[in-house]
Structures are given as C-alpha cells and as structure tokens.
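A.B. asks: File name entry-v1.cif; file contents mmCIF, N, CA and C atoms; full text below.
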```
data_input
loop_
_atom_site.group_PDB
_atom_site.id
_atom_site.type_symbol
_atom_site.label_atom_id
_atom_site.label_comp_id
_atom_site.auth_asym_id
_atom_site.auth_seq_id
_atom_site.Cartn_x
_atom_site.Cartn_y
_atom_site.Cartn_z
ATOM 1 N N MET A 1 172.664 -32.731 327.926
ATOM 2 C CA MET A 1 172.270 -33.106 326.577
ATOM 3 C C MET A 1 172.230 -31.840 325.716
ATOM 4 N N ARG A 2 172.685 -32.016 324.499
ATOM 5 C CA ARG A 2 172.721 -30.902 323.548
ATOM 6 C C ARG A 2 171.986 -31.342 322.288
ATOM 7 N N LYS A 3 171.412 -30.375 321.580
ATOM 8 C CA LYS A 3 170.638 -30.672 320.378
ATOM 9 C C LYS A 3 171.550 -30.595 319.150
ATOM 10 N N TYR A 4 171.435 -31.621 318.287
ATOM 11 C CA TYR A 4 172.225 -31.702 317.055
ATOM 12 C C TYR A 4 171.318 -32.050 315.881
ATOM 13 N N GLU A 5 171.743 -31.638 314.702
ATOM 14 C CA GLU A 5 171.168 -32.145 313.469
ATOM 15 C C GLU A 5 172.179 -33.132 312.905
ATOM 16 N N LEU A 6 171.682 -34.251 312.435
ATOM 17 C CA LEU A 6 172.530 -35.298 311.881
ATOM 18 C C LEU A 6 172.016 -35.630 310.488
ATOM 19 N N MET A 7 172.777 -35.265 309.468
ATOM 20 C CA MET A 7 172.411 -35.588 308.088
ATOM 21 C C MET A 7 173.179 -36.843 307.693
ATOM 22 N N ILE A 8 172.438 -37.831 307.203
ATOM 23 C CA ILE A 8 173.059 -39.080 306.789
ATOM 24 C C ILE A 8 172.663 -39.388 305.361
ATOM 25 N N VAL A 9 173.651 -39.836 304.571
ATOM 26 C CA VAL A 9 173.403 -40.287 303.202
ATOM 27 C C VAL A 9 173.521 -41.807 303.210
ATOM 28 N N PHE A 10 172.412 -42.458 302.863
ATOM 29 C CA PHE A 10 172.347 -43.913 302.793
ATOM 30 C C PHE A 10 172.389 -44.344 301.332
ATOM 31 N N SER A 11 172.611 -45.620 301.113
ATOM 32 C CA SER A 11 172.477 -46.205 299.785
ATOM 33 C C SER A 11 171.009 -46.158 299.375
ATOM 34 N N THR A 12 170.742 -46.082 298.090
ATOM 35 C CA THR A 12 169.357 -46.037 297.612
ATOM 36 C C THR A 12 168.718 -47.417 297.554
ATOM 37 N N GLU A 13 169.513 -48.477 297.674
ATOM 38 C CA GLU A 13 168.958 -49.828 297.683
ATOM 39 C C GLU A 13 168.161 -50.017 298.972
ATOM 40 N N GLU A 14 166.929 -50.484 298.829
ATOM 41 C CA GLU A 14 165.991 -50.542 299.966
ATOM 42 C C GLU A 14 166.518 -51.374 301.132
ATOM 43 N N ASP A 15 167.097 -52.541 300.866
ATOM 44 C CA ASP A 15 167.586 -53.378 301.960
ATOM 45 C C ASP A 15 168.765 -52.737 302.687
ATOM 46 N N LYS A 16 169.661 -52.087 301.941
ATOM 47 C CA LYS A 16 170.798 -51.398 302.571
ATOM 48 C C LYS A 16 170.326 -50.171 303.341
ATOM 49 N N PHE A 17 169.313 -49.482 302.800
ATOM 50 C CA PHE A 17 168.766 -48.316 303.498
ATOM 51 C C PHE A 17 168.152 -48.734 304.836
ATOM 52 N N LYS A 18 167.341 -49.792 304.828
ATOM 53 C CA LYS A 18 166.703 -50.254 306.067
ATOM 54 C C LYS A 18 167.742 -50.710 307.085
ATOM 55 N N ALA A 19 168.742 -51.455 306.634
ATOM 56 C CA ALA A 19 169.798 -51.921 307.541
ATOM 57 C C ALA A 19 170.579 -50.737 308.120
ATOM 58 N N GLY A 20 170.896 -49.765 307.288
ATOM 59 C CA GLY A 20 171.622 -48.585 307.750
ATOM 60 C C GLY A 20 170.805 -47.761 308.719
ATOM 61 N N SER A 21 169.527 -47.594 308.428
ATOM 62 C CA SER A 21 168.640 -46.824 309.295
ATOM 63 C C SER A 21 168.503 -47.487 310.664
ATOM 64 N N GLU A 22 168.357 -48.796 310.673
ATOM 65 C CA GLU A 22 168.279 -49.523 311.943
ATOM 66 C C GLU A 22 169.596 -49.421 312.716
ATOM 67 N N ALA A 23 170.714 -49.477 312.004
ATOM 68 C CA ALA A 23 172.025 -49.361 312.652
ATOM 69 C C ALA A 23 172.194 -47.986 313.296
ATOM 70 N N VAL A 24 171.743 -46.939 312.612
ATOM 71 C CA VAL A 24 171.844 -45.575 313.163
ATOM 72 C C VAL A 24 171.028 -45.476 314.448
ATOM 73 N N ARG A 25 169.796 -45.950 314.411
ATOM 74 C CA ARG A 25 168.947 -45.894 315.599
ATOM 75 C C ARG A 25 169.575 -46.680 316.758
ATOM 76 N N SER A 26 170.148 -47.831 316.451
ATOM 77 C CA SER A 26 170.767 -48.668 317.471
ATOM 78 C C SER A 26 171.978 -47.973 318.096
ATOM 79 N N VAL A 27 172.837 -47.414 317.273
ATOM 80 C CA VAL A 27 174.038 -46.731 317.781
ATOM 81 C C VAL A 27 173.634 -45.541 318.646
ATOM 82 N N LEU A 28 172.677 -44.751 318.174
ATOM 83 C CA LEU A 28 172.243 -43.590 318.954
ATOM 84 C C LEU A 28 171.656 -44.026 320.293
ATOM 85 N N ALA A 29 170.840 -45.058 320.296
ATOM 86 C CA ALA A 29 170.244 -45.549 321.540
ATOM 87 C C ALA A 29 171.309 -46.084 322.489
ATOM 88 N N ASN A 30 172.324 -46.777 321.958
ATOM 89 C CA ASN A 30 173.395 -47.330 322.793
ATOM 90 C C ASN A 30 174.180 -46.245 323.517
ATOM 91 N N PHE A 31 174.265 -45.062 322.935
ATOM 92 C CA PHE A 31 175.017 -43.966 323.554
ATOM 93 C C PHE A 31 174.104 -42.952 324.230
ATOM 94 N N GLY A 32 172.845 -43.311 324.428
ATOM 95 C CA GLY A 32 171.925 -42.471 325.199
ATOM 96 C C GLY A 32 171.352 -41.286 324.451
ATOM 97 N N ALA A 33 171.485 -41.250 323.143
ATOM 98 C CA ALA A 33 170.926 -40.157 322.347
ATOM 99 C C ALA A 33 169.462 -40.467 322.021
ATOM 100 N N THR A 34 168.664 -39.417 321.939
ATOM 101 C CA THR A 34 167.259 -39.582 321.574
ATOM 102 C C THR A 34 166.981 -38.846 320.269
ATOM 103 N N ILE A 35 166.122 -39.424 319.457
ATOM 104 C CA ILE A 35 165.751 -38.821 318.173
ATOM 105 C C ILE A 35 164.474 -38.028 318.368
ATOM 106 N N ASP A 36 164.539 -36.716 318.124
ATOM 107 C CA ASP A 36 163.361 -35.852 318.227
ATOM 108 C C ASP A 36 162.559 -35.857 316.941
ATOM 109 N N LYS A 37 163.266 -35.869 315.813
ATOM 110 C CA LYS A 37 162.601 -35.714 314.525
ATOM 111 C C LYS A 37 163.428 -36.427 313.456
ATOM 112 N N GLU A 38 162.741 -36.995 312.489
ATOM 113 C CA GLU A 38 163.394 -37.651 311.352
ATOM 114 C C GLU A 38 162.696 -37.174 310.086
ATOM 115 N N GLU A 39 163.468 -36.625 309.161
ATOM 116 C CA GLU A 39 162.893 -36.060 307.941
ATOM 117 C C GLU A 39 163.652 -36.595 306.727
ATOM 118 N N SER A 40 162.926 -37.227 305.821
ATOM 119 C CA SER A 40 163.544 -37.783 304.626
ATOM 120 C C SER A 40 163.562 -36.740 303.511
ATOM 121 N N TYR A 41 164.697 -36.605 302.856
ATOM 122 C CA TYR A 41 164.835 -35.692 301.721
ATOM 123 C C TYR A 41 164.845 -36.459 300.405
ATOM 124 N N GLY A 42 164.656 -37.761 300.472
ATOM 125 C CA GLY A 42 164.536 -38.577 299.270
ATOM 126 C C GLY A 42 165.873 -38.895 298.622
ATOM 127 N N ASP A 43 165.773 -39.476 297.430
ATOM 128 C CA ASP A 43 166.963 -39.857 296.663
ATOM 129 C C ASP A 43 167.442 -38.678 295.844
ATOM 130 N N ARG A 44 168.738 -38.439 295.879
ATOM 131 C CA ARG A 44 169.329 -37.324 295.133
ATOM 132 C C ARG A 44 170.663 -37.752 294.532
ATOM 133 N N ASP A 45 171.060 -37.044 293.470
ATOM 134 C CA ASP A 45 172.370 -37.281 292.876
ATOM 135 C C ASP A 45 173.449 -36.788 293.829
ATOM 136 N N LEU A 46 174.542 -37.526 293.905
ATOM 137 C CA LEU A 46 175.680 -37.117 294.715
ATOM 138 C C LEU A 46 176.611 -36.241 293.880
ATOM 139 N N THR A 47 177.296 -35.324 294.520
ATOM 140 C CA THR A 47 178.231 -34.446 293.827
ATOM 141 C C THR A 47 179.406 -35.240 293.270
ATOM 142 N N TYR A 48 179.815 -36.251 293.997
ATOM 143 C CA TYR A 48 180.902 -37.129 293.557
ATOM 144 C C TYR A 48 180.556 -38.563 293.948
ATOM 145 N N ILE A 49 181.179 -39.506 293.312
ATOM 146 C CA ILE A 49 180.884 -40.916 293.551
ATOM 147 C C ILE A 49 181.456 -41.345 294.911
ATOM 148 N N ILE A 50 180.608 -42.002 295.714
ATOM 149 C CA ILE A 50 181.012 -42.512 297.022
ATOM 150 C C ILE A 50 180.735 -44.007 297.018
ATOM 151 N N ASP A 51 181.744 -44.811 297.244
ATOM 152 C CA ASP A 51 181.600 -46.280 297.264
ATOM 153 C C ASP A 51 180.860 -46.793 296.030
ATOM 154 N N LYS A 52 181.236 -46.286 294.879
ATOM 155 C CA LYS A 52 180.670 -46.673 293.580
ATOM 156 C C LYS A 52 179.185 -46.325 293.439
ATOM 157 N N GLN A 53 178.695 -45.380 294.261
ATOM 158 C CA GLN A 53 177.301 -44.942 294.215
ATOM 159 C C GLN A 53 177.222 -43.538 293.621
ATOM 160 N N LYS A 54 176.284 -43.330 292.695
ATOM 161 C CA LYS A 54 176.076 -42.007 292.102
ATOM 162 C C LYS A 54 174.885 -41.281 292.733
ATOM 163 N N ARG A 55 174.025 -42.054 293.425
ATOM 164 C CA ARG A 55 172.855 -41.482 294.086
ATOM 165 C C ARG A 55 172.845 -41.927 295.547
ATOM 166 N N GLY A 56 172.185 -41.121 296.376
ATOM 167 C CA GLY A 56 172.066 -41.466 297.786
ATOM 168 C C GLY A 56 170.717 -41.038 298.319
ATOM 169 N N ARG A 57 170.306 -41.665 299.413
ATOM 170 C CA ARG A 57 169.054 -41.309 300.083
ATOM 171 C C ARG A 57 169.412 -40.488 301.318
ATOM 172 N N PHE A 58 168.949 -39.235 301.348
ATOM 173 C CA PHE A 58 169.295 -38.289 302.393
ATOM 174 C C PHE A 58 168.218 -38.282 303.481
ATOM 175 N N VAL A 59 168.660 -38.377 304.743
ATOM 176 C CA VAL A 59 167.750 -38.329 305.885
ATOM 177 C C VAL A 59 168.347 -37.400 306.935
ATOM 178 N N LEU A 60 167.504 -36.478 307.449
ATOM 179 C CA LEU A 60 167.935 -35.530 308.473
ATOM 180 C C LEU A 60 167.310 -35.932 309.803
ATOM 181 N N PHE A 61 168.154 -36.165 310.816
ATOM 182 C CA PHE A 61 167.700 -36.484 312.162
ATOM 183 C C PHE A 61 167.977 -35.279 313.047
ATOM 184 N N THR A 62 167.030 -34.940 313.921
ATOM 185 C CA THR A 62 167.266 -33.974 314.986
ATOM 186 C C THR A 62 167.347 -34.793 316.265
ATOM 187 N N ILE A 63 168.492 -34.711 316.941
ATOM 188 C CA ILE A 63 168.727 -35.584 318.096
ATOM 189 C C ILE A 63 169.173 -34.774 319.306
ATOM 190 N N ASN A 64 169.021 -35.374 320.471
ATOM 191 C CA ASN A 64 169.596 -34.872 321.719
ATOM 192 C C ASN A 64 170.649 -35.878 322.138
ATOM 193 N N ALA A 65 171.864 -35.385 322.355
ATOM 194 C CA ALA A 65 172.956 -36.293 322.709
ATOM 195 C C ALA A 65 173.932 -35.599 323.650
ATOM 196 N N ASN A 66 174.631 -36.416 324.407
ATOM 197 C CA ASN A 66 175.689 -35.928 325.280
ATOM 198 C C ASN A 66 176.875 -35.536 324.395
ATOM 199 N N PRO A 67 177.364 -34.288 324.496
ATOM 200 C CA PRO A 67 178.486 -33.858 323.641
ATOM 201 C C PRO A 67 179.730 -34.734 323.775
ATOM 202 N N ALA A 68 179.946 -35.314 324.933
ATOM 203 C CA ALA A 68 181.119 -36.164 325.149
ATOM 204 C C ALA A 68 181.025 -37.479 324.381
ATOM 205 N N LYS A 69 179.831 -37.867 323.968
ATOM 206 C CA LYS A 69 179.619 -39.148 323.278
ATOM 207 C C LYS A 69 179.655 -39.030 321.753
ATOM 208 N N ILE A 70 179.688 -37.814 321.210
ATOM 209 C CA ILE A 70 179.634 -37.625 319.757
ATOM 210 C C ILE A 70 180.810 -38.305 319.057
ATOM 211 N N ASP A 71 181.999 -38.190 319.612
ATOM 212 C CA ASP A 71 183.177 -38.842 319.001
ATOM 213 C C ASP A 71 183.012 -40.357 318.959
ATOM 214 N N GLU A 72 182.456 -40.922 320.016
ATOM 215 C CA GLU A 72 182.249 -42.365 320.060
ATOM 216 C C GLU A 72 181.177 -42.797 319.055
ATOM 217 N N ILE A 73 180.132 -41.981 318.911
ATOM 218 C CA ILE A 73 179.087 -42.269 317.924
ATOM 219 C C ILE A 73 179.681 -42.243 316.523
ATOM 220 N N GLU A 74 180.521 -41.241 316.243
ATOM 221 C CA GLU A 74 181.162 -41.148 314.927
ATOM 222 C C GLU A 74 182.041 -42.368 314.650
ATOM 223 N N LYS A 75 182.748 -42.861 315.644
ATOM 224 C CA LYS A 75 183.575 -44.060 315.455
ATOM 225 C C LYS A 75 182.715 -45.252 315.054
ATOM 226 N N GLN A 76 181.551 -45.396 315.682
ATOM 227 C CA GLN A 76 180.646 -46.487 315.336
ATOM 228 C C GLN A 76 180.076 -46.306 313.929
ATOM 229 N N PHE A 77 179.765 -45.056 313.550
ATOM 230 C CA PHE A 77 179.248 -44.799 312.200
ATOM 231 C C PHE A 77 180.289 -45.155 311.139
ATOM 232 N N LYS A 78 181.568 -44.930 311.427
ATOM 233 C CA LYS A 78 182.629 -45.267 310.472
ATOM 234 C C LYS A 78 182.691 -46.771 310.221
ATOM 235 N N LEU A 79 182.285 -47.559 311.205
ATOM 236 C CA LEU A 79 182.306 -49.013 311.078
ATOM 237 C C LEU A 79 181.039 -49.577 310.442
ATOM 238 N N THR A 80 180.026 -48.730 310.271
ATOM 239 C CA THR A 80 178.755 -49.163 309.706
ATOM 240 C C THR A 80 178.839 -49.124 308.188
ATOM 241 N N LYS A 81 178.631 -50.248 307.524
ATOM 242 C CA LYS A 81 178.828 -50.361 306.083
ATOM 243 C C LYS A 81 177.767 -49.641 305.258
ATOM 244 N N ASN A 82 176.551 -49.514 305.760
ATOM 245 C CA ASN A 82 175.449 -48.996 304.952
ATOM 246 C C ASN A 82 175.287 -47.488 305.010
ATOM 247 N N LEU A 83 176.235 -46.769 305.597
ATOM 248 C CA LEU A 83 176.219 -45.309 305.599
ATOM 249 C C LEU A 83 177.253 -44.814 304.595
ATOM 250 N N LEU A 84 176.824 -43.963 303.668
ATOM 251 C CA LEU A 84 177.784 -43.405 302.725
ATOM 252 C C LEU A 84 178.516 -42.215 303.340
ATOM 253 N N LYS A 85 177.744 -41.296 303.948
ATOM 254 C CA LYS A 85 178.317 -40.107 304.598
ATOM 255 C C LYS A 85 177.407 -39.678 305.738
ATOM 256 N N TYR A 86 177.953 -38.916 306.682
ATOM 257 C CA TYR A 86 177.155 -38.359 307.773
ATOM 258 C C TYR A 86 177.799 -37.052 308.223
ATOM 259 N N LEU A 87 176.995 -36.194 308.846
ATOM 260 C CA LEU A 87 177.506 -34.922 309.348
ATOM 261 C C LEU A 87 176.695 -34.502 310.562
ATOM 262 N N PHE A 88 177.385 -34.211 311.664
ATOM 263 C CA PHE A 88 176.751 -33.669 312.861
ATOM 264 C C PHE A 88 176.881 -32.149 312.831
ATOM 265 N N VAL A 89 175.797 -31.453 313.165
ATOM 266 C CA VAL A 89 175.821 -29.997 313.286
ATOM 267 C C VAL A 89 175.181 -29.639 314.624
ATOM 268 N N LYS A 90 175.916 -28.922 315.459
ATOM 269 C CA LYS A 90 175.391 -28.508 316.763
ATOM 270 C C LYS A 90 174.415 -27.361 316.547
ATOM 271 N N LEU A 91 173.210 -27.475 317.123
ATOM 272 C CA LEU A 91 172.224 -26.405 317.024
ATOM 273 C C LEU A 91 172.433 -25.440 318.164
ATOM 274 N N GLU A 92 172.414 -24.172 317.856
ATOM 275 C CA GLU A 92 172.573 -23.144 318.872
ATOM 276 C C GLU A 92 171.257 -22.950 319.616
ATOM 277 N N GLU A 93 171.364 -22.721 320.924
ATOM 278 C CA GLU A 93 170.171 -22.448 321.716
ATOM 279 C C GLU A 93 169.724 -21.028 321.450
ATOM 280 N N LYS A 94 168.402 -20.850 321.334
ATOM 281 C CA LYS A 94 167.845 -19.512 321.080
ATOM 282 C C LYS A 94 167.902 -18.698 322.371
ATOM 283 N N LYS A 95 168.405 -17.479 322.241
ATOM 284 C CA LYS A 95 168.470 -16.574 323.396
ATOM 285 C C LYS A 95 167.445 -15.484 323.190
ATOM 286 N N ASN A 96 166.659 -15.237 324.223
ATOM 287 C CA ASN A 96 165.602 -14.211 324.119
ATOM 288 C C ASN A 96 166.131 -12.856 324.416
#
```
Step by step, read the file and then write its structure as structure tokens.
C.D. replies:
Amino acid sequence: MRKYELMIVFSTEEDKFKAGSEAVRSVLANFGATIDKEESYGDRDLTYIIDKQKRGRFVLFTINANPAKIDEIEKQFKLTKNLLKYLFVKLEEKKN
C-alpha cells in the first residue's frame, strides 16, 4: 500500500455533491483503498468552465491504495457523472 493525495472537484449542487462523494468512497472501498483523511476546501471558482459549471466544491482525500489499482480506480472515476475533475498525487515517504 502506498499513500496518495486525491483532490476531487465536485459539483456545487448538494445532491450531486453527496452522490459523487458516496461514489468516490464506494470505488475506493471496492479496490481496497482506505481513506485516512478528508478535508473540504469549500466552493471555489474554476479557472475554466467544466461541464457548464463555473464553480466547484474541492475535497482533498489522503488515502492508502495499492499502486497497481490506481489505473482501475481512475477508469471508474471517468465513468462517474458527479465528478468534475480529480488528481492523484503520490506522497513521498519521509527518510530520516
């Protein structure tokens, strides 16, 4: 298992946000990933329009996941309608 940060931009509409958030948790659980931390950055203006949306709700997840499963997780995220954008960033392990 490796540690990743996952930034996701959801729609600002409450029902779409809840559906998208539940879908993310479900996909991560299906592929054996665990969520260590979830931090909301609130609603913000987008740099460019995505799916006719000018604003998005940003949420940062810190997760543990198998590196071999990241591609499969991304494929599932592409099929999820309530996600505007997402980005995985691998966290480096601290060396003493």
A.B. asks: Please provide as a list in words all residues within 7 Å of Met7 of chain A, with the sequence filter that same-chain residues fewer than 6 positions apart are discarded (counting all atoms listed in the file).
C.D. replies: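 Non-adjacent residues within range: Phe58, Val59, Leu60, Phe61, Lys85, Tyr86, Leu87, Phe88 and Val89 of chain A.
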A.B. asks: For a quick check of your reading of the model, name the residues lying within 6.5 Å of the coordinate (167.6, -28.8, 321.2), counting only N, CA and C atoms, and write them as a PyMOL selection string.
C.D. replies: chain A and resi 2-4+63-64
A.B. asks: Choose the residue, out of A:Ala23, A:Gly56, A:Tyr41, A:Asp51, that has the smallest atom-to-atom separation from Phe77 of chain A; count all atoms listed in the file.
C.D. replies: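 Of A:Ala23, A:Gly56, A:Tyr41, A:Asp51, the one nearest Phe77 of chain A, counting all atoms listed in the file, is A:Ala23.
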A.B. asks: For atom N of Ser40 of chain A and atom C of Arg57 of chain A, quote the distance in Å rounded to one decimal.
C.D. replies: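 Calculated distance between atom N of Ser40 of chain A and atom C of Arg57 of chain A is 8.5 Å.
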A.B. asks: Suppose you want the space between atom N of Val24 of chain A and atom CA of Leu91 of chain A; what is it in Å?
C.D. replies: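 Taking atom N of Val24 of chain A as the start and atom CA of Leu91 of chain A as the end point, the length is 21.0 Å.
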A.B. asks: Going by DSSP on the backbone, which residues of segment 26-57 of chain A come out as helix (DSSP H, G or I)? List them as a list in words.
C.D. replies: Ser26, Val27, Leu28, Ala29 and Asn30 of chain A
A.B. asks: Which of chain A counts as strand (DSSP E or B) under DSSP, as a VMD selection string please?
C.D. replies: chain A and resid 2 to 10 34 to 50 53 to 65 83 to 90
A.B. asks: For a test of reading the model, state the distance in Å between atom CA of Glu14 of chain A and atom CA of Glu38 of chain A, rounded to one decimal.
C.D. replies: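 Interatomic distance here is 17.4 Å.
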A.B. asks: Decode the PyMOL selection byres ((chain A and resi 81) around 8) for the given file into explicit residues and return them as a PyMOL selection string.
C.D. replies: chain A and resi 11+16+19-20+76-80+82-84
A.B. asks: Centre and edge lengths of an axis-aligned box around all listed atoms of segment 28-46 of chain A, with 6 Å added on each side, are to be given in Å to one decimal, as AutoDock Vina command-line options.
C.D. replies:
```
--center_x 169.6 --center_y -41.5 --center_z 309.0 --size_x 26.1 --size_y 23.6 --size_z 44.3
```
A.B. asks: Set the distance at 8 Å and use only N, CA and C atoms: which residues neighbour Gln53 of chain A once local chain neighbours fewer than 4 positions away are removed? I'd like the list as a ChimeraX atom specification.
C.D. replies: /A:11-12,45-46,48-49
A.B. asks: Can I get the selected residues back with N, CA and C atoms, as a short mmCIF file (atom, residue, chain, number, x, y, z; two decimals), in the coordinates of the input?
C.D. replies:
```cif
data_model
loop_
_atom_site.label_atom_id
_atom_site.label_comp_id
_atom_site.auth_asym_id
_atom_site.auth_seq_id
_atom_site.Cartn_x
_atom_site.Cartn_y
_atom_site.Cartn_z
N SER A 11 172.61 -45.62 301.11
CA SER A 11 172.48 -46.20 299.79
C SER A 11 171.01 -46.16 299.38
N THR A 12 170.74 -46.08 298.09
CA THR A 12 169.36 -46.04 297.61
C THR A 12 168.72 -47.42 297.55
N ASP A 45 171.06 -37.04 293.47
CA ASP A 45 172.37 -37.28 292.88
C ASP A 45 173.45 -36.79 293.83
N LEU A 46 174.54 -37.53 293.90
CA LEU A 46 175.68 -37.12 294.71
C LEU A 46 176.61 -36.24 293.88
N TYR A 48 179.82 -36.25 294.00
CA TYR A 48 180.90 -37.13 293.56
C TYR A 48 180.56 -38.56 293.95
N ILE A 49 181.18 -39.51 293.31
CA ILE A 49 180.88 -40.92 293.55
C ILE A 49 181.46 -41.34 294.91
#
```
A.B. asks: Name every residue that the PyMOL selection byres (((chain A and resi 28 and name CA) around 12) and name CA) selects in this structure, writing the answer as a ChimeraX atom specification with chains first and numbers rising.
C.D. replies: /A:6,21-27,29-36,61-66,69-77
